[in-house]
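Q: Mind looking over this structure? Questions follow.
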Amino acid sequence: MRASASNLMLGAEFAGRGVTASVASWPTGEYLSVEVGVFPARDATVDLKLDHFYLRINSEKAPRNADAPSLVAAGMRNTGLARPKGVEVTGGVGPVDVAYGRPRQTDERFPGDPGARVPTPPRAPDQKPVETEPQLTADKAIVEYALPMGETRIPVAGYLYFHFEGKASKIRTLELLYKTERGEVRLKLL
């Protein structure tokens, strides 16, 4: 979708819960991604700030603020800190404990830990080594492909991230808002 104001034209597309580049795609967890292109008018300077962008989901009264890419990336890096959702039941008799619903232990807690998973045995290398460029992790891709902030006179593009814990399939309408002191631009994405 495209819309314009006095000093710029905006283009945007809803990207779901991920970031996509020509080489790969990465998940964004509990964040919705919107790919945005900003095209300043001839001889105009546009000052892009995160607090200029909002996302209205399903006609909410208060639109959601765009979150900093570093915040989204930190959430992706530290996913192990959050407790998984679900039910865990434990019980025991004497020295024996039984747990149901607990994530399996993957690392040895001590040498010879019987609860640890056995590592995968090594494989022989492939006949022909394939040269690939280093793969970006999700947290680094989220920051690298984000919409650059600051003053610009040239067209720029990248992703904006909006926190949303609900199911993406429940989204019926989606509207990107760009608000500044010079006015407001609305883009209907869904």
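So you can find residues: chains in the structure tokens are A, B, ... in the order shown, residues in each start at 1, and ligands are numbered from 1 in order.
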Any chance you could tabulate, as CSV, the residues of range 33-62 of chain A at most 9 Å from range 171-190 of chain A with each one's nearest atom pair and distance in Å to one decimal, using only C-alpha atoms, in chain and rising number order?
A:
```
residue,atom,partner,partner_atom,distance
A:Val34,CA,A:Leu176,CA,8.5
A:Asp51,CA,A:Lys179,CA,8.3
A:His52,CA,A:Lys179,CA,5.0
A:Phe53,CA,A:Tyr178,CA,4.8
A:Tyr54,CA,A:Leu177,CA,5.0
A:Leu55,CA,A:Leu176,CA,4.7
A:Arg56,CA,A:Glu175,CA,5.1
A:Ile57,CA,A:Leu174,CA,4.9
A:Asn58,CA,A:Thr173,CA,4.6
A:Ser59,CA,A:Thr173,CA,6.7
```
Q: For the residues in the current selection, export N, CA and C atoms as a CSV table (one decimal), in the first residue's frame.
A:
```
chain,number,residue,atom,x,y,z
A,34,VAL,N,6.2,-5.0,9.9
A,34,VAL,CA,5.7,-4.3,8.8
A,34,VAL,C,6.9,-3.7,8.0
A,51,ASP,N,8.7,7.0,17.4
A,51,ASP,CA,7.4,7.5,17.9
A,51,ASP,C,6.5,8.2,16.9
A,52,HIS,N,6.9,8.1,15.6
A,52,HIS,CA,6.0,8.6,14.6
A,52,HIS,C,5.2,7.5,14.0
A,53,PHE,N,5.5,6.2,14.3
A,53,PHE,CA,4.9,5.1,13.7
A,53,PHE,C,4.0,4.4,14.7
A,54,TYR,N,2.8,4.0,14.2
A,54,TYR,CA,1.8,3.3,15.1
A,54,TYR,C,1.1,2.3,14.2
A,55,LEU,N,0.6,1.2,14.9
A,55,LEU,CA,-0.1,0.2,14.2
A,55,LEU,C,-1.5,0.0,14.9
A,56,ARG,N,-2.6,0.1,14.2
A,56,ARG,CA,-3.9,-0.1,14.7
A,56,ARG,C,-4.3,-1.5,14.3
A,57,ILE,N,-4.6,-2.4,15.2
A,57,ILE,CA,-5.1,-3.8,15.0
A,57,ILE,C,-6.5,-3.9,15.3
A,58,ASN,N,-7.3,-4.4,14.3
A,58,ASN,CA,-8.7,-4.7,14.5
A,58,ASN,C,-9.5,-3.5,15.1
A,59,SER,N,-9.2,-2.3,14.5
A,59,SER,CA,-9.8,-1.0,14.9
A,59,SER,C,-9.7,-0.7,16.4
```
Q: Hey, which of A:Leu8, A:Val93, A:Val19, A:Leu71 ends up closest to Asp43 in chain A? Count only C-alpha atoms.
A: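 Going through A:Leu8, A:Val93, A:Val19, A:Leu71 one by one, the smallest distance to Asp43 in chain A is for A:Leu8.
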Q: Using only C-alpha atoms, which protein or nucleic acid residues come within 12 Å of Asn78 in chain A? Drop anything in the same chain fewer than 5 positions from it, and give the result as a ChimeraX atom specification.
A: /A:29,71-73,83,138-139
Q: Could you pull the residues within 12 Å of range 20-28 of chain A, counting only C-alpha atoms, minus those fewer than 2 positions along the same chain, as a ChimeraX atom specification?
A: /A:13-18,30-35,67,69-77,79,132-146,158-165
